[in-house]
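*Asks:* First the structure, which I've put down as structure tokens, then a few questions once you've had a look.
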Amino acid sequence: MNYKNTATFAAEADQNDPLNHFRDKYLFPQFEGKNKIYFTGNSLGLQPAKAKEALRVELDDWAKHGVDGHFDANNPWYSYHELFKENLAKVVGALPVEVTPMGGLTGNLHFLMVSFYRPTDKRIKILCEGKAFPSDQYALESQVKFHGLKPEDVIEELHPREGEYHIREEDVLSRISKLGDTLAMVMIGGVNYYTGQKFPMRTITEAGHKVGAIVGFDLAHAAGNVELKLHEWNVDFAAWCSYKYLNSGPGSVAGIFVHEKHAKDETLPRFAGWWGTPSEGRFQMEKGFKPAIGADGWQLSNAPVLSMAVHKVALENHIEAGISRLIQKQKQLTSYLEYILTDISSTNDKINFEIITPEDRGSQLSILTHGNGKELFNKMSDKGVVADWREPNVIRVAPVPIYNSFQDVYRFGEIIIESIKELR
Ligand SMILES: Cc1ncc(COP(=O)(O)O)c(C=O)c1O
């Protein structure tokens with residue numbers, strides 16, 4: 001695309017966008033009678049317009065059937081997750097047996113690490129991002145302590161080189177080979193929450209396996225955002241949340257992936273619950289845990305149907321839009337945003353933007369502000385922009401292809417220009 005920082009260019013780009021009508025399938029917070037410029041799908045995605053109806057169906061069935069809704073509801077709750085397993089699998093590039101919606105992200109990381117982080121005398125190390133999301137850091141530390149080990153002896157962090165913002169692929173690979181047979185597990189984010197860097201998941205998985213380590217990913221910022229082929233890449237395990245790019249609502253049900261090669265391995269230790277047993281025999285309530293085949297065998301509790309109802313319709317939108325079409329639009333939208341930011345940065349003398357997100361990325365751009373970034377951010381927020389601020393001076397913005405438009409990006413630029421003029 002030959003980008004221009006003009007209203008006409010943005011309007012034409014929207015007219016030519018085959019996904020433009022998906023915008024109407026989402027509810028935007030309002031500002032002065034218009035949609036806000038909502039660029040925070042990397043934190044909480046927008047509500048699908050179908051969500052209320054999906055919830056109403058389940059609430060009505062609950063009112064009508066009470067407990068019998070488990071089998072008599074329009075969408076029987078007992079096997080509710082089966083209704084959207086295929087769509088979930090498509091979003092992360094998996095076989096249906098390899099995924100299941102369950103619990104919350106951090107809890108799921110723990111459950112998966114109980115099975116897949118199995119330190120031995122020599123092989124104890126965990127490789128992770130230095131600036132991982134704090135919950136991941138806490139999860140790793142506490143897992144290590146749970147095994148009676150000390151985090152400082154075990155956790156190996158990856159950092160960007162001096163003066164750089166993202167972690168080089170060659171540095172990840174050389175670290176893996178250096179750790180060699182001391183490396184038990186690689187566990188990093190598919191996309192880093194702070195910089196928006198996408199990691200080369202296939203290459204990292206191959207390198208980890210070459211030294212005999214298990215490889216898992218936290219896909220909080222990757223699921224629904226970037227192309228994933230977890231099965232083909234031979235990833236061992238992964239976990240994600242559904243409230244960011246999967247638009248399934250605050251704290252909604254999360255998801256896990258366990259590669260098919262582990263599907264029938266009953267020897268893997270796990271923290272079990274009744275929902276992890278095969279659904280056919282569950283109500284026989286027998287002693288002795290026998291896991292269901294595949295990711296379902298990691299389930300613990302019965303399905304949170306109300307949040308799953310929203311997740312189900314949100315995934316339907318995603319699949320209808322088409323993952324490859326979404327990614328194609330994403331590249332254009334995010335590059336247009338980058339173009340506009342660079343244009344503004346070079347034509348004002350009050351504030352300078354440095355984009356610290358590399359080319360290999362999803363929707364998010366992390367903008368390092370040189371100048372009074374916080375004041376600029378506050379002024380933009382007052383004018384109807386929803387972005388987020390990360391100390392000390394980064395603004396994260398994510399134009400999301402399923403509901404954001406080129407005109408959103410253009411208007412965002414206009415608001416920045418207006419706000420810069422008001423800076424002291
Ligand atoms: C990378 C990453 N890991 C973990 C979490 C924590 O997720 P939860 O609170 O759903 O467990 C988040 C939340 O935003 C995240 O971005």
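We label chains A, B, ... in the order they appear in the structure tokens, count residues from 1 in each chain, and number ligands from 1 in the order shown.
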When the cut-off is 7 Å and you count only C-alpha atoms and all ligand atoms, which residues lie near ligand 1, shown as a VMD selection string?
*Replies:* chain A and resid 43 104 to 107 132 to 133 135 to 136 189 192 to 193 218 to 221 241 251
*Asks:* Restrict the selected residues to N, CA, C and O atoms and save them as a compact mmCIF listing (two decimals), in the first residue's frame.
*Replies:*
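New file out.txt:
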# COMPACT_ATOMS: atom_id res chain seq x y z
N SER A 43 -5.22 -5.46 25.47
CA SER A 43 -5.48 -5.54 26.91
C SER A 43 -6.86 -6.19 27.13
O SER A 43 -6.97 -7.25 27.74
N GLY A 104 -8.12 -20.06 34.00
CA GLY A 104 -7.51 -18.76 33.71
C GLY A 104 -6.07 -18.97 33.27
O GLY A 104 -5.49 -20.05 33.51
N LEU A 105 -5.48 -17.96 32.66
CA LEU A 105 -4.16 -18.13 32.06
C LEU A 105 -3.07 -18.53 33.07
O LEU A 105 -2.38 -19.53 32.88
N THR A 106 -2.93 -17.76 34.15
CA THR A 106 -1.82 -18.06 35.06
C THR A 106 -2.01 -19.43 35.71
O THR A 106 -1.06 -20.21 35.82
N GLY A 107 -3.25 -19.72 36.11
CA GLY A 107 -3.53 -21.03 36.68
C GLY A 107 -3.18 -22.14 35.69
O GLY A 107 -2.55 -23.15 36.05
N ALA A 132 9.41 -10.60 31.06
CA ALA A 132 8.13 -11.30 30.89
C ALA A 132 7.07 -10.58 31.71
O ALA A 132 7.39 -9.85 32.66
N PHE A 133 5.81 -10.79 31.38
CA PHE A 133 4.72 -10.24 32.18
C PHE A 133 4.88 -10.74 33.63
O PHE A 133 5.21 -11.91 33.85
N SER A 135 3.08 -11.81 35.98
CA SER A 135 2.42 -13.05 36.41
C SER A 135 3.22 -14.27 35.96
O SER A 135 3.31 -15.27 36.69
N ASP A 136 3.82 -14.20 34.78
CA ASP A 136 4.65 -15.32 34.30
C ASP A 136 5.89 -15.46 35.18
O ASP A 136 6.32 -16.58 35.51
N GLY A 189 6.89 -15.84 26.05
CA GLY A 189 5.68 -15.33 25.41
C GLY A 189 5.82 -15.43 23.90
O GLY A 189 6.89 -15.14 23.36
N ASN A 192 5.84 -10.56 23.02
CA ASN A 192 6.14 -9.90 24.30
C ASN A 192 5.14 -8.78 24.60
O ASN A 192 4.85 -7.96 23.71
N TYR A 193 4.64 -8.74 25.82
CA TYR A 193 3.57 -7.79 26.14
C TYR A 193 4.03 -6.34 26.09
O TYR A 193 3.24 -5.44 25.82
N ASP A 218 3.60 -18.84 26.40
CA ASP A 218 2.46 -18.07 26.89
C ASP A 218 1.97 -17.25 25.70
O ASP A 218 2.69 -16.36 25.22
N LEU A 219 0.77 -17.55 25.24
CA LEU A 219 0.28 -16.91 24.02
C LEU A 219 -0.75 -15.81 24.30
O LEU A 219 -1.57 -15.50 23.44
N ALA A 220 -0.68 -15.21 25.49
CA ALA A 220 -1.64 -14.16 25.85
C ALA A 220 -1.73 -13.10 24.76
O ALA A 220 -2.82 -12.67 24.37
N HIS A 221 -0.56 -12.68 24.25
CA HIS A 221 -0.54 -11.60 23.24
C HIS A 221 -0.41 -12.14 21.82
O HIS A 221 -0.19 -11.37 20.89
N CYS A 241 -5.02 -16.39 27.10
CA CYS A 241 -6.28 -15.89 27.63
C CYS A 241 -7.17 -15.53 26.45
O CYS A 241 -6.69 -15.40 25.32
N GLY A 251 -11.75 -11.47 32.04
CA GLY A 251 -11.55 -12.68 32.84
C GLY A 251 -12.20 -13.92 32.25
O GLY A 251 -12.37 -14.93 32.95
*Asks:* Do you have, as a tab-separated table, the list of residues of region 221-294 of chain A lying at most 8 Å from region 79-93 of chain A, each with its nearest atom pair and that distance in Å to one decimal, counting only C-alpha atoms and ordered by chain then number?
*Replies:*
residue	atom	partner	partner_atom	distance
A:Ala223	CA	A:Val92	CA	6.4
A:Gly224	CA	A:Val91	CA	6.2
A:Glu227	CA	A:Val92	CA	7.5
A:Leu228	CA	A:Val92	CA	4.9
A:Lys229	CA	A:Gly93	CA	4.0
A:Leu230	CA	A:Gly93	CA	5.4
A:His231	CA	A:Gly93	CA	6.2
A:Glu232	CA	A:Gly93	CA	7.7
*Asks:* As number ranges by chain, please: the residues near region 345-354 of chain A (cut-off 12 Å, only C-alpha atoms, same-chain neighbours under 4 positions excluded).
*Replies:* A: 164-165, 195, 338-341, 358, 365-377, 393-396, 413, 416-424
*Asks:* List the neighbours of Ile124 (chain A) out to 9 Å using only C-alpha atoms; skip same-chain residues closer than 5 positions along the sequence, and give me the result as a list in words.
*Replies:*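 The residues satisfying every condition are Tyr117, Arg118, Pro119, Leu149, Asp153, Val154, Ile155, Asp181, Thr182, Leu183, Ala184 and Met185 of chain A.
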*Asks:* Could you take the residues named above and write them with N, CA, C and O atoms, as a PDB file, in the first residue's frame?
*Replies:*
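Once written, result_36.pdb looks like this:
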ATOM      1  N   TYR A 117       7.381 -29.220  33.517  1.00  0.00           N
ATOM      2  CA  TYR A 117       8.668 -28.827  34.106  1.00  0.00           C
ATOM      3  C   TYR A 117       9.026 -29.896  35.136  1.00  0.00           C
ATOM      4  O   TYR A 117       8.498 -29.924  36.239  1.00  0.00           O
ATOM      5  N   ARG A 118       9.908 -30.799  34.730  1.00  0.00           N
ATOM      6  CA  ARG A 118      10.266 -31.941  35.572  1.00  0.00           C
ATOM      7  C   ARG A 118      11.776 -31.943  35.776  1.00  0.00           C
ATOM      8  O   ARG A 118      12.503 -32.700  35.109  1.00  0.00           O
ATOM      9  N   PRO A 119      12.267 -31.065  36.653  1.00  0.00           N
ATOM     10  CA  PRO A 119      13.720 -30.980  36.812  1.00  0.00           C
ATOM     11  C   PRO A 119      14.330 -32.282  37.327  1.00  0.00           C
ATOM     12  O   PRO A 119      13.723 -32.975  38.146  1.00  0.00           O
ATOM     13  N   LEU A 149      13.770 -25.843  44.641  1.00  0.00           N
ATOM     14  CA  LEU A 149      14.956 -25.221  44.020  1.00  0.00           C
ATOM     15  C   LEU A 149      14.909 -23.713  44.227  1.00  0.00           C
ATOM     16  O   LEU A 149      13.874 -23.158  44.609  1.00  0.00           O
ATOM     17  N   ASP A 153      19.117 -20.078  40.903  1.00  0.00           N
ATOM     18  CA  ASP A 153      19.933 -21.178  40.352  1.00  0.00           C
ATOM     19  C   ASP A 153      19.343 -21.732  39.056  1.00  0.00           C
ATOM     20  O   ASP A 153      20.006 -22.504  38.356  1.00  0.00           O
ATOM     21  N   VAL A 154      18.103 -21.380  38.800  1.00  0.00           N
ATOM     22  CA  VAL A 154      17.368 -22.094  37.758  1.00  0.00           C
ATOM     23  C   VAL A 154      16.929 -21.200  36.592  1.00  0.00           C
ATOM     24  O   VAL A 154      17.038 -21.575  35.430  1.00  0.00           O
ATOM     25  N   ILE A 155      16.438 -20.001  36.923  1.00  0.00           N
ATOM     26  CA  ILE A 155      15.797 -19.181  35.881  1.00  0.00           C
ATOM     27  C   ILE A 155      16.839 -18.376  35.103  1.00  0.00           C
ATOM     28  O   ILE A 155      17.617 -17.611  35.671  1.00  0.00           O
ATOM     29  N   ASP A 181      22.323 -29.597  27.961  1.00  0.00           N
ATOM     30  CA  ASP A 181      21.601 -30.606  28.752  1.00  0.00           C
ATOM     31  C   ASP A 181      21.300 -30.170  30.183  1.00  0.00           C
ATOM     32  O   ASP A 181      20.850 -30.968  30.999  1.00  0.00           O
ATOM     33  N   THR A 182      21.492 -28.862  30.467  1.00  0.00           N
ATOM     34  CA  THR A 182      20.995 -28.366  31.767  1.00  0.00           C
ATOM     35  C   THR A 182      19.612 -27.740  31.587  1.00  0.00           C
ATOM     36  O   THR A 182      18.947 -27.387  32.553  1.00  0.00           O
ATOM     37  N   LEU A 183      19.200 -27.566  30.321  1.00  0.00           N
ATOM     38  CA  LEU A 183      17.936 -26.865  30.056  1.00  0.00           C
ATOM     39  C   LEU A 183      16.753 -27.834  30.126  1.00  0.00           C
ATOM     40  O   LEU A 183      16.645 -28.775  29.347  1.00  0.00           O
ATOM     41  N   ALA A 184      15.861 -27.573  31.092  1.00  0.00           N
ATOM     42  CA  ALA A 184      14.678 -28.438  31.233  1.00  0.00           C
ATOM     43  C   ALA A 184      13.515 -27.897  30.406  1.00  0.00           C
ATOM     44  O   ALA A 184      12.760 -28.660  29.814  1.00  0.00           O
ATOM     45  N   MET A 185      13.371 -26.568  30.387  1.00  0.00           N
ATOM     46  CA  MET A 185      12.172 -26.007  29.744  1.00  0.00           C
ATOM     47  C   MET A 185      12.434 -24.593  29.224  1.00  0.00           C
ATOM     48  O   MET A 185      13.073 -23.788  29.903  1.00  0.00           O
TER      49      MET A 185
END
*Asks:* I'd like to know which of A:Leu246, A:Leu306, A:Ala7, A:Met1 is closest to Ile319 (chain A), using only C-alpha atoms.
*Replies:* A:Leu246
*Asks:* I'd like to know which of A:Gln328, A:Ser248, A:Ser279, A:Thr267 is closest to Gly41 (chain A), using only C-alpha atoms.
*Replies:* A:Ser248
*Asks:* Quick one: distance from CA of Asp24 (chain A) to CA of Pro401 (chain A) in Å, one decimal?
*Replies:*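 If I compute the distance from CA of Asp24 (chain A) to CA of Pro401 (chain A), I get 12.6 Å.
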*Asks:* Under the rule that only C-alpha atoms are counted, which of A:Gly190, A:Asp61, A:Lys36, A:Ala272 is the nearest residue to Ile415 (chain A)?
*Replies:*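 Counting only C-alpha atoms, the residue closest to Ile415 (chain A) is A:Lys36.
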*Asks:* At a cut-off of 8 Å, using only C-alpha atoms, what residues contact Tyr336 (chain A)? Leave out same-chain residues fewer than 5 positions from it and give the result as a list in words.
*Replies:*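 Surrounding residues, per the criterion: Tyr3, Phe406 and Val409 of chain A.
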*Asks:* Could you write out the selected residues, including N, CA and C atoms, as an mmCIF file, in the first residue's frame?
*Replies:*
data_model
loop_
_atom_site.group_PDB
_atom_site.id
_atom_site.type_symbol
_atom_site.label_atom_id
_atom_site.label_comp_id
_atom_site.auth_asym_id
_atom_site.auth_seq_id
_atom_site.Cartn_x
_atom_site.Cartn_y
_atom_site.Cartn_z
ATOM 1 N N TYR A 3 0.979 4.440 1.367
ATOM 2 C CA TYR A 3 0.261 5.180 2.415
ATOM 3 C C TYR A 3 0.310 6.695 2.247
ATOM 4 N N PHE A 406 -8.908 1.915 8.943
ATOM 5 C CA PHE A 406 -7.848 2.843 8.536
ATOM 6 C C PHE A 406 -8.211 4.258 8.984
ATOM 7 N N VAL A 409 -7.100 4.869 12.424
ATOM 8 C CA VAL A 409 -5.662 5.166 12.496
ATOM 9 C C VAL A 409 -5.421 6.625 12.088
#
